[in-house]
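Pasting my_file24.csv here (CSV, N, CA and C atoms):
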```
chain,number,residue,atom,x,y,z
A,1162,MET,N,1.8,4.3,-15.2
A,1162,MET,CA,2.7,3.3,-14.6
A,1162,MET,C,1.9,2.1,-14.1
A,1163,ASP,N,2.3,0.9,-14.4
A,1163,ASP,CA,1.6,-0.3,-14.0
A,1163,ASP,C,2.0,-0.6,-12.5
A,1164,ALA,N,1.3,-1.6,-11.9
A,1164,ALA,CA,1.5,-1.9,-10.5
A,1164,ALA,C,2.9,-2.4,-10.3
A,1165,LYS,N,3.5,-3.2,-11.2
A,1165,LYS,CA,4.9,-3.7,-11.0
A,1165,LYS,C,5.9,-2.6,-11.0
A,1166,ALA,N,5.7,-1.6,-11.9
A,1166,ALA,CA,6.6,-0.5,-12.0
A,1166,ALA,C,6.5,0.4,-10.8
A,1167,ILE,N,5.3,0.6,-10.3
A,1167,ILE,CA,5.1,1.4,-9.0
A,1167,ILE,C,5.8,0.6,-7.9
A,1168,ARG,N,5.6,-0.7,-7.8
A,1168,ARG,CA,6.2,-1.4,-6.7
A,1168,ARG,C,7.7,-1.4,-6.7
A,1169,ASP,N,8.3,-1.5,-7.9
A,1169,ASP,CA,9.7,-1.4,-8.1
A,1169,ASP,C,10.2,0.0,-7.6
A,1170,ALA,N,9.5,1.1,-8.1
A,1170,ALA,CA,9.9,2.4,-7.7
A,1170,ALA,C,9.7,2.6,-6.2
A,1171,ALA,N,8.7,2.0,-5.6
A,1171,ALA,CA,8.5,2.2,-4.1
A,1171,ALA,C,9.7,1.5,-3.4
A,1172,ARG,N,10.1,0.3,-3.9
A,1172,ARG,CA,11.2,-0.4,-3.2
A,1172,ARG,C,12.5,0.5,-3.3
A,1173,ASN,N,12.7,1.1,-4.5
A,1173,ASN,CA,14.0,1.8,-4.7
A,1173,ASN,C,14.0,3.2,-4.0
A,1174,ASN,N,12.8,3.8,-3.8
A,1174,ASN,CA,12.8,5.1,-3.2
A,1174,ASN,C,11.4,5.4,-2.6
A,1175,PRO,N,11.2,4.8,-1.4
A,1175,PRO,CA,9.9,5.0,-0.7
A,1175,PRO,C,9.6,6.4,-0.3
A,1176,LYS,N,10.5,7.3,-0.3
A,1176,LYS,CA,10.3,8.7,0.1
A,1176,LYS,C,9.6,9.5,-1.1
A,1177,ASN,N,9.7,9.0,-2.3
A,1177,ASN,CA,9.3,9.8,-3.4
A,1177,ASN,C,8.2,9.0,-4.2
A,1178,ILE,N,7.1,8.6,-3.6
A,1178,ILE,CA,6.0,7.9,-4.3
A,1178,ILE,C,4.8,8.8,-4.2
A,1179,ARG,N,4.2,9.0,-5.4
A,1179,ARG,CA,3.0,9.8,-5.4
A,1179,ARG,C,1.8,9.0,-4.7
A,1180,PHE,N,1.0,9.7,-4.1
A,1180,PHE,CA,-0.2,9.1,-3.4
A,1180,PHE,C,-1.0,8.3,-4.4
A,1181,ALA,N,-1.3,8.9,-5.6
A,1181,ALA,CA,-2.1,8.2,-6.6
A,1181,ALA,C,-1.5,6.9,-7.0
A,1182,ASP,N,-0.2,6.9,-7.1
A,1182,ASP,CA,0.5,5.6,-7.5
A,1182,ASP,C,0.4,4.6,-6.4
A,1183,LEU,N,0.5,5.0,-5.2
A,1183,LEU,CA,0.4,4.0,-4.1
A,1183,LEU,C,-1.0,3.5,-4.0
A,1184,ALA,N,-2.0,4.4,-4.2
A,1184,ALA,CA,-3.4,3.9,-4.2
A,1184,ALA,C,-3.6,2.9,-5.3
A,1185,LYS,N,-3.1,3.2,-6.4
A,1185,LYS,CA,-3.2,2.2,-7.6
A,1185,LYS,C,-2.6,0.9,-7.2
A,1186,LEU,N,-1.4,0.9,-6.6
A,1186,LEU,CA,-0.7,-0.3,-6.2
A,1186,LEU,C,-1.6,-1.1,-5.2
A,1187,CYS,N,-2.2,-0.4,-4.2
A,1187,CYS,CA,-3.0,-1.0,-3.2
A,1187,CYS,C,-4.3,-1.6,-3.8
A,1188,GLU,N,-4.9,-0.9,-4.7
A,1188,GLU,CA,-6.1,-1.4,-5.4
A,1188,GLU,C,-5.8,-2.7,-6.2
A,1189,ALA,N,-4.6,-2.7,-6.8
A,1189,ALA,CA,-4.2,-3.9,-7.6
A,1189,ALA,C,-4.0,-5.1,-6.7
A,1190,HIS,N,-3.6,-4.9,-5.5
A,1190,HIS,CA,-3.4,-6.1,-4.6
A,1190,HIS,C,-4.5,-6.4,-3.6
A,1191,PHE,N,-5.1,-5.3,-3.1
A,1191,PHE,CA,-6.1,-5.4,-2.0
A,1191,PHE,C,-7.5,-5.1,-2.4
A,1192,GLY,N,-7.8,-4.6,-3.6
A,1192,GLY,CA,-9.1,-4.3,-4.1
A,1192,GLY,C,-9.4,-2.8,-3.7
A,1193,SER,N,-10.7,-2.5,-3.8
A,1193,SER,CA,-11.1,-1.1,-3.5
A,1193,SER,C,-10.9,-0.8,-2.0
A,1194,PRO,N,-10.7,0.4,-1.6
A,1194,PRO,CA,-10.6,0.8,-0.2
A,1194,PRO,C,-11.9,0.6,0.5
A,1195,ARG,N,-11.9,0.2,1.7
A,1195,ARG,CA,-13.1,0.0,2.5
A,1195,ARG,C,-13.6,1.3,3.0
A,1196,THR,N,-12.7,2.3,3.2
A,1196,THR,CA,-13.0,3.6,3.7
A,1196,THR,C,-12.2,4.7,3.0
A,1197,LYS,N,-12.9,5.8,2.7
A,1197,LYS,CA,-12.3,6.9,2.1
A,1197,LYS,C,-12.7,8.1,3.0
A,1198,ARG,N,-11.8,8.6,3.8
A,1198,ARG,CA,-12.1,9.7,4.7
A,1198,ARG,C,-11.0,10.8,4.5
A,1199,GLY,N,-11.4,11.9,3.9
A,1199,GLY,CA,-10.5,13.0,3.7
A,1199,GLY,C,-9.3,12.6,2.9
A,1200,SER,N,-8.2,12.7,3.5
A,1200,SER,CA,-6.9,12.4,2.7
A,1200,SER,C,-6.5,11.0,2.9
A,1201,HIS,N,-7.3,10.1,3.6
A,1201,HIS,CA,-6.9,8.8,3.9
A,1201,HIS,C,-7.7,7.8,3.1
A,1202,LEU,N,-7.1,6.7,2.7
A,1202,LEU,CA,-7.7,5.5,2.2
A,1202,LEU,C,-7.3,4.3,3.1
A,1203,VAL,N,-8.3,3.5,3.4
A,1203,VAL,CA,-8.1,2.3,4.2
A,1203,VAL,C,-8.4,1.0,3.5
A,1204,TYR,N,-7.5,0.1,3.4
A,1204,TYR,CA,-7.7,-1.1,2.7
A,1204,TYR,C,-7.7,-2.3,3.7
A,1205,ARG,N,-8.6,-3.2,3.5
A,1205,ARG,CA,-8.8,-4.4,4.3
A,1205,ARG,C,-7.8,-5.5,3.9
A,1206,MET,N,-7.2,-6.1,4.9
A,1206,MET,CA,-6.3,-7.2,4.6
A,1206,MET,C,-7.0,-8.6,4.9
A,1207,PRO,N,-6.6,-9.7,4.3
A,1207,PRO,CA,-7.3,-10.9,4.6
A,1207,PRO,C,-6.8,-11.7,5.8
A,1208,TRP,N,-6.0,-11.1,6.6
A,1208,TRP,CA,-5.5,-11.8,7.8
A,1208,TRP,C,-6.0,-11.2,9.1
A,1209,GLN,N,-5.9,-11.9,10.2
A,1209,GLN,CA,-6.4,-11.4,11.5
A,1209,GLN,C,-5.3,-10.5,12.1
A,1210,GLY,N,-5.7,-9.9,13.2
A,1210,GLY,CA,-4.8,-9.0,13.9
A,1210,GLY,C,-5.2,-7.6,13.6
A,1211,ASP,N,-4.3,-6.8,12.9
A,1211,ASP,CA,-4.6,-5.5,12.5
A,1211,ASP,C,-4.8,-5.6,11.0
A,1212,PRO,N,-6.0,-5.9,10.6
A,1212,PRO,CA,-6.3,-6.3,9.2
A,1212,PRO,C,-6.6,-5.1,8.3
A,1213,ARG,N,-5.7,-4.1,8.3
A,1213,ARG,CA,-5.9,-2.9,7.4
A,1213,ARG,C,-4.6,-2.3,7.1
A,1214,VAL,N,-4.6,-1.6,5.9
A,1214,VAL,CA,-3.5,-0.7,5.5
A,1214,VAL,C,-4.1,0.7,5.3
A,1215,ASN,N,-3.5,1.7,5.9
A,1215,ASN,CA,-4.0,3.0,5.8
A,1215,ASN,C,-3.0,3.9,5.1
A,1216,ILE,N,-3.4,4.6,4.0
A,1216,ILE,CA,-2.5,5.4,3.4
A,1216,ILE,C,-3.1,6.9,3.4
A,1217,GLN,N,-2.2,7.8,3.3
A,1217,GLN,CA,-2.6,9.2,3.5
A,1217,GLN,C,-1.9,10.1,2.4
A,1218,ASN,N,-2.7,11.0,1.9
A,1218,ASN,CA,-2.3,11.9,0.9
A,1218,ASN,C,-1.8,13.2,1.5
A,1219,VAL,N,-0.5,13.5,1.3
A,1219,VAL,CA,0.1,14.7,1.9
A,1219,VAL,C,0.7,15.5,0.7
A,1220,ASN,N,0.0,16.4,0.3
A,1220,ASN,CA,0.4,17.3,-0.9
A,1220,ASN,C,0.8,16.4,-2.1
A,1221,GLY,N,0.0,15.4,-2.3
A,1221,GLY,CA,0.2,14.5,-3.5
A,1221,GLY,C,1.1,13.4,-3.3
A,1222,LYS,N,1.8,13.3,-2.2
A,1222,LYS,CA,2.8,12.3,-1.9
A,1222,LYS,C,2.3,11.4,-0.9
A,1223,ALA,N,2.8,10.1,-0.9
A,1223,ALA,CA,2.5,9.2,0.2
A,1223,ALA,C,3.6,9.3,1.3
A,1224,LYS,N,3.2,9.0,2.5
A,1224,LYS,CA,4.2,9.0,3.6
A,1224,LYS,C,5.1,7.7,3.5
A,1225,GLU,N,6.4,7.9,3.7
A,1225,GLU,CA,7.4,6.9,3.5
A,1225,GLU,C,7.0,5.6,4.4
A,1226,TYR,N,6.7,5.8,5.6
A,1226,TYR,CA,6.4,4.6,6.5
A,1226,TYR,C,5.2,3.9,6.0
A,1227,GLN,N,4.2,4.6,5.3
A,1227,GLN,CA,3.0,3.9,4.8
A,1227,GLN,C,3.4,3.1,3.5
A,1228,VAL,N,4.3,3.7,2.7
A,1228,VAL,CA,4.8,3.0,1.5
A,1228,VAL,C,5.4,1.6,2.0
A,1229,ARG,N,6.2,1.7,3.0
A,1229,ARG,CA,6.9,0.5,3.5
A,1229,ARG,C,5.9,-0.5,4.1
A,1230,GLN,N,4.8,0.0,4.7
A,1230,GLN,CA,3.8,-0.9,5.2
A,1230,GLN,C,3.0,-1.6,4.1
A,1231,VAL,N,2.8,-0.9,3.0
A,1231,VAL,CA,2.1,-1.5,1.9
A,1231,VAL,C,3.0,-2.6,1.3
A,1232,LEU,N,4.3,-2.3,1.1
A,1232,LEU,CA,5.2,-3.3,0.5
A,1232,LEU,C,5.3,-4.5,1.4
A,1233,ARG,N,5.3,-4.4,2.7
A,1233,ARG,CA,5.3,-5.5,3.6
A,1233,ARG,C,4.0,-6.3,3.5
A,1234,ALA,N,2.9,-5.6,3.4
A,1234,ALA,CA,1.6,-6.3,3.3
A,1234,ALA,C,1.5,-7.1,2.0
A,1235,ILE,N,2.0,-6.5,0.9
A,1235,ILE,CA,2.0,-7.2,-0.4
A,1235,ILE,C,2.9,-8.5,-0.3
A,1236,GLU,N,4.1,-8.3,0.3
A,1236,GLU,CA,4.9,-9.5,0.5
A,1236,GLU,C,4.3,-10.6,1.3
A,1237,ARG,N,3.6,-10.2,2.4
A,1237,ARG,CA,2.9,-11.2,3.2
A,1237,ARG,C,1.8,-11.8,2.4
A,1238,LEU,N,1.0,-11.0,1.7
A,1238,LEU,CA,-0.1,-11.6,0.9
A,1238,LEU,C,0.4,-12.6,-0.1
A,1239,GLU,N,1.5,-12.3,-0.8
A,1239,GLU,CA,2.1,-13.2,-1.8
A,1239,GLU,C,2.6,-14.4,-1.1
A,1240,SER,N,3.3,-14.3,0.0
A,1240,SER,CA,3.8,-15.5,0.7
A,1240,SER,C,2.7,-16.4,1.2
A,1241,GLU,N,1.6,-15.8,1.7
A,1241,GLU,CA,0.5,-16.6,2.1
A,1241,GLU,C,-0.3,-17.3,1.0
A,1242,GLN,N,-0.2,-16.7,-0.2
A,1242,GLN,CA,-0.9,-17.3,-1.3
A,1242,GLN,C,0.0,-18.2,-2.1
A,1243,GLY,N,1.3,-18.2,-1.8
A,1243,GLY,CA,2.3,-19.0,-2.5
A,1243,GLY,C,2.6,-18.5,-3.9
A,1244,ASP,N,2.6,-17.2,-4.1
A,1244,ASP,CA,2.9,-16.6,-5.4
A,1244,ASP,C,4.3,-16.4,-5.6
A,1245,ARG,N,5.2,-16.7,-4.7
A,1245,ARG,CA,6.6,-16.4,-4.8
A,1245,ARG,C,7.3,-17.3,-5.7
```
Please express what this file holds, its structure, as structure tokens.
Amino acid sequence: MDAKAIRDAARNNPKNIRFADLAKLCEAHFGSPRTKRGSHLVYRMPWQGDPRVNIQNVNGKAKEYQVRQVLRAIERLESEQGDR
């Protein structure tokens, strides 16, 4: 699945996204994770404040609230870059 298809699937059903797919989506938009610790991957964001997105692998699935955070971060990134 490509990043656009993963993003569409995440928007339609954030409860049922595989962790590997969410990681692929994050890497497509944010680059490589800055930290890999156990079941967590942490991605750096280009803005100030809380400049990270943390995703967690739970039995192969991503947590719903983390999927929503990733989608919001992608939207913010695109709006700040003027890609809309």
Counting only C-alpha atoms, the residue of A:Arg1172, A:Arg1213, A:Lys1185, A:His1190 that sits nearest Glu1225 (chain A): A:Arg1172
Backbone DSSP call of helix (DSSP H, G or I) for chain A, listed as a PyMOL selection string: chain A and resi 1164-1173+1180-1191+1225-1242
Could those residues be written to a file, using N, CA and C atoms, as a CSV table (one decimal), in the frame of the given file?
```
chain,number,residue,atom,x,y,z
A,1164,ALA,N,1.3,-1.6,-11.9
A,1164,ALA,CA,1.5,-1.9,-10.5
A,1164,ALA,C,2.9,-2.4,-10.3
A,1165,LYS,N,3.5,-3.2,-11.2
A,1165,LYS,CA,4.9,-3.7,-11.0
A,1165,LYS,C,5.9,-2.6,-11.0
A,1166,ALA,N,5.7,-1.6,-11.9
A,1166,ALA,CA,6.6,-0.5,-12.0
A,1166,ALA,C,6.5,0.4,-10.8
A,1167,ILE,N,5.3,0.6,-10.3
A,1167,ILE,CA,5.1,1.4,-9.0
A,1167,ILE,C,5.8,0.6,-7.9
A,1168,ARG,N,5.6,-0.7,-7.8
A,1168,ARG,CA,6.2,-1.4,-6.7
A,1168,ARG,C,7.7,-1.4,-6.7
A,1169,ASP,N,8.3,-1.5,-7.9
A,1169,ASP,CA,9.7,-1.4,-8.1
A,1169,ASP,C,10.2,0.0,-7.6
A,1170,ALA,N,9.5,1.1,-8.1
A,1170,ALA,CA,9.9,2.4,-7.7
A,1170,ALA,C,9.7,2.6,-6.2
A,1171,ALA,N,8.7,2.0,-5.6
A,1171,ALA,CA,8.5,2.2,-4.1
A,1171,ALA,C,9.7,1.5,-3.4
A,1172,ARG,N,10.1,0.3,-3.9
A,1172,ARG,CA,11.2,-0.4,-3.2
A,1172,ARG,C,12.5,0.5,-3.3
A,1173,ASN,N,12.7,1.1,-4.5
A,1173,ASN,CA,14.0,1.8,-4.7
A,1173,ASN,C,14.0,3.2,-4.0
A,1180,PHE,N,1.0,9.7,-4.1
A,1180,PHE,CA,-0.2,9.1,-3.4
A,1180,PHE,C,-1.0,8.3,-4.4
A,1181,ALA,N,-1.3,8.9,-5.6
A,1181,ALA,CA,-2.1,8.2,-6.6
A,1181,ALA,C,-1.5,6.9,-7.0
A,1182,ASP,N,-0.2,6.9,-7.1
A,1182,ASP,CA,0.5,5.6,-7.5
A,1182,ASP,C,0.4,4.6,-6.4
A,1183,LEU,N,0.5,5.0,-5.2
A,1183,LEU,CA,0.4,4.0,-4.1
A,1183,LEU,C,-1.0,3.5,-4.0
A,1184,ALA,N,-2.0,4.4,-4.2
A,1184,ALA,CA,-3.4,3.9,-4.2
A,1184,ALA,C,-3.6,2.9,-5.3
A,1185,LYS,N,-3.1,3.2,-6.4
A,1185,LYS,CA,-3.2,2.2,-7.6
A,1185,LYS,C,-2.6,0.9,-7.2
A,1186,LEU,N,-1.4,0.9,-6.6
A,1186,LEU,CA,-0.7,-0.3,-6.2
A,1186,LEU,C,-1.6,-1.1,-5.2
A,1187,CYS,N,-2.2,-0.4,-4.2
A,1187,CYS,CA,-3.0,-1.0,-3.2
A,1187,CYS,C,-4.3,-1.6,-3.8
A,1188,GLU,N,-4.9,-0.9,-4.7
A,1188,GLU,CA,-6.1,-1.4,-5.4
A,1188,GLU,C,-5.8,-2.7,-6.2
A,1189,ALA,N,-4.6,-2.7,-6.8
A,1189,ALA,CA,-4.2,-3.9,-7.6
A,1189,ALA,C,-4.0,-5.1,-6.7
A,1190,HIS,N,-3.6,-4.9,-5.5
A,1190,HIS,CA,-3.4,-6.1,-4.6
A,1190,HIS,C,-4.5,-6.4,-3.6
A,1191,PHE,N,-5.1,-5.3,-3.1
A,1191,PHE,CA,-6.1,-5.4,-2.0
A,1191,PHE,C,-7.5,-5.1,-2.4
A,1225,GLU,N,6.4,7.9,3.7
A,1225,GLU,CA,7.4,6.9,3.5
A,1225,GLU,C,7.0,5.6,4.4
A,1226,TYR,N,6.7,5.8,5.6
A,1226,TYR,CA,6.4,4.6,6.5
A,1226,TYR,C,5.2,3.9,6.0
A,1227,GLN,N,4.2,4.6,5.3
A,1227,GLN,CA,3.0,3.9,4.8
A,1227,GLN,C,3.4,3.1,3.5
A,1228,VAL,N,4.3,3.7,2.7
A,1228,VAL,CA,4.8,3.0,1.5
A,1228,VAL,C,5.4,1.6,2.0
A,1229,ARG,N,6.2,1.7,3.0
A,1229,ARG,CA,6.9,0.5,3.5
A,1229,ARG,C,5.9,-0.5,4.1
A,1230,GLN,N,4.8,0.0,4.7
A,1230,GLN,CA,3.8,-0.9,5.2
A,1230,GLN,C,3.0,-1.6,4.1
A,1231,VAL,N,2.8,-0.9,3.0
A,1231,VAL,CA,2.1,-1.5,1.9
A,1231,VAL,C,3.0,-2.6,1.3
A,1232,LEU,N,4.3,-2.3,1.1
A,1232,LEU,CA,5.2,-3.3,0.5
A,1232,LEU,C,5.3,-4.5,1.4
A,1233,ARG,N,5.3,-4.4,2.7
A,1233,ARG,CA,5.3,-5.5,3.6
A,1233,ARG,C,4.0,-6.3,3.5
A,1234,ALA,N,2.9,-5.6,3.4
A,1234,ALA,CA,1.6,-6.3,3.3
A,1234,ALA,C,1.5,-7.1,2.0
A,1235,ILE,N,2.0,-6.5,0.9
A,1235,ILE,CA,2.0,-7.2,-0.4
A,1235,ILE,C,2.9,-8.5,-0.3
A,1236,GLU,N,4.1,-8.3,0.3
A,1236,GLU,CA,4.9,-9.5,0.5
A,1236,GLU,C,4.3,-10.6,1.3
A,1237,ARG,N,3.6,-10.2,2.4
A,1237,ARG,CA,2.9,-11.2,3.2
A,1237,ARG,C,1.8,-11.8,2.4
A,1238,LEU,N,1.0,-11.0,1.7
A,1238,LEU,CA,-0.1,-11.6,0.9
A,1238,LEU,C,0.4,-12.6,-0.1
A,1239,GLU,N,1.5,-12.3,-0.8
A,1239,GLU,CA,2.1,-13.2,-1.8
A,1239,GLU,C,2.6,-14.4,-1.1
A,1240,SER,N,3.3,-14.3,0.0
A,1240,SER,CA,3.8,-15.5,0.7
A,1240,SER,C,2.7,-16.4,1.2
A,1241,GLU,N,1.6,-15.8,1.7
A,1241,GLU,CA,0.5,-16.6,2.1
A,1241,GLU,C,-0.3,-17.3,1.0
A,1242,GLN,N,-0.2,-16.7,-0.2
A,1242,GLN,CA,-0.9,-17.3,-1.3
A,1242,GLN,C,0.0,-18.2,-2.1
```
Pick from A:His1201, A:Lys1222, A:Lys1165, A:Arg1195 nearest to Ala1181 (chain A), counting only N, CA and C atoms: A:Lys1222
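Residue-level DSSP output for chain A, from the backbone, shows strand (DSSP E) at A:Thr1196, A:Lys1197, A:Arg1198, A:His1201, A:Leu1202, A:Val1203, A:Tyr1204, A:Arg1205, A:Arg1213, A:Val1214, A:Asn1215, A:Ile1216, A:Gln1217, A:Asn1218, A:Val1219, A:Lys1222, A:Ala1223.
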Written file, previous selection with N, CA and C atoms, as a CSV table (one decimal), keeping the file's coordinate frame:
```csv
chain,number,residue,atom,x,y,z
A,1196,THR,N,-12.7,2.3,3.2
A,1196,THR,CA,-13.0,3.6,3.7
A,1196,THR,C,-12.2,4.7,3.0
A,1197,LYS,N,-12.9,5.8,2.7
A,1197,LYS,CA,-12.3,6.9,2.1
A,1197,LYS,C,-12.7,8.1,3.0
A,1198,ARG,N,-11.8,8.6,3.8
A,1198,ARG,CA,-12.1,9.7,4.7
A,1198,ARG,C,-11.0,10.8,4.5
A,1201,HIS,N,-7.3,10.1,3.6
A,1201,HIS,CA,-6.9,8.8,3.9
A,1201,HIS,C,-7.7,7.8,3.1
A,1202,LEU,N,-7.1,6.7,2.7
A,1202,LEU,CA,-7.7,5.5,2.2
A,1202,LEU,C,-7.3,4.3,3.1
A,1203,VAL,N,-8.3,3.5,3.4
A,1203,VAL,CA,-8.1,2.3,4.2
A,1203,VAL,C,-8.4,1.0,3.5
A,1204,TYR,N,-7.5,0.1,3.4
A,1204,TYR,CA,-7.7,-1.1,2.7
A,1204,TYR,C,-7.7,-2.3,3.7
A,1205,ARG,N,-8.6,-3.2,3.5
A,1205,ARG,CA,-8.8,-4.4,4.3
A,1205,ARG,C,-7.8,-5.5,3.9
A,1213,ARG,N,-5.7,-4.1,8.3
A,1213,ARG,CA,-5.9,-2.9,7.4
A,1213,ARG,C,-4.6,-2.3,7.1
A,1214,VAL,N,-4.6,-1.6,5.9
A,1214,VAL,CA,-3.5,-0.7,5.5
A,1214,VAL,C,-4.1,0.7,5.3
A,1215,ASN,N,-3.5,1.7,5.9
A,1215,ASN,CA,-4.0,3.0,5.8
A,1215,ASN,C,-3.0,3.9,5.1
A,1216,ILE,N,-3.4,4.6,4.0
A,1216,ILE,CA,-2.5,5.4,3.4
A,1216,ILE,C,-3.1,6.9,3.4
A,1217,GLN,N,-2.2,7.8,3.3
A,1217,GLN,CA,-2.6,9.2,3.5
A,1217,GLN,C,-1.9,10.1,2.4
A,1218,ASN,N,-2.7,11.0,1.9
A,1218,ASN,CA,-2.3,11.9,0.9
A,1218,ASN,C,-1.8,13.2,1.5
A,1219,VAL,N,-0.5,13.5,1.3
A,1219,VAL,CA,0.1,14.7,1.9
A,1219,VAL,C,0.7,15.5,0.7
A,1222,LYS,N,1.8,13.3,-2.2
A,1222,LYS,CA,2.8,12.3,-1.9
A,1222,LYS,C,2.3,11.4,-0.9
A,1223,ALA,N,2.8,10.1,-0.9
A,1223,ALA,CA,2.5,9.2,0.2
A,1223,ALA,C,3.6,9.3,1.3
```
Leu1202 (chain A) environment, 7 Å, only C-alpha atoms, sequence neighbours closer than 3 positions dropped, as a ChimeraX atom specification: /A:1194,1196-1198,1215-1217
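Counting only C-alpha atoms and comparing A:Val1203, A:Val1231, A:Cys1187, A:Val1214, the residue that lies closest to Pro1175 (chain A) is A:Val1231.
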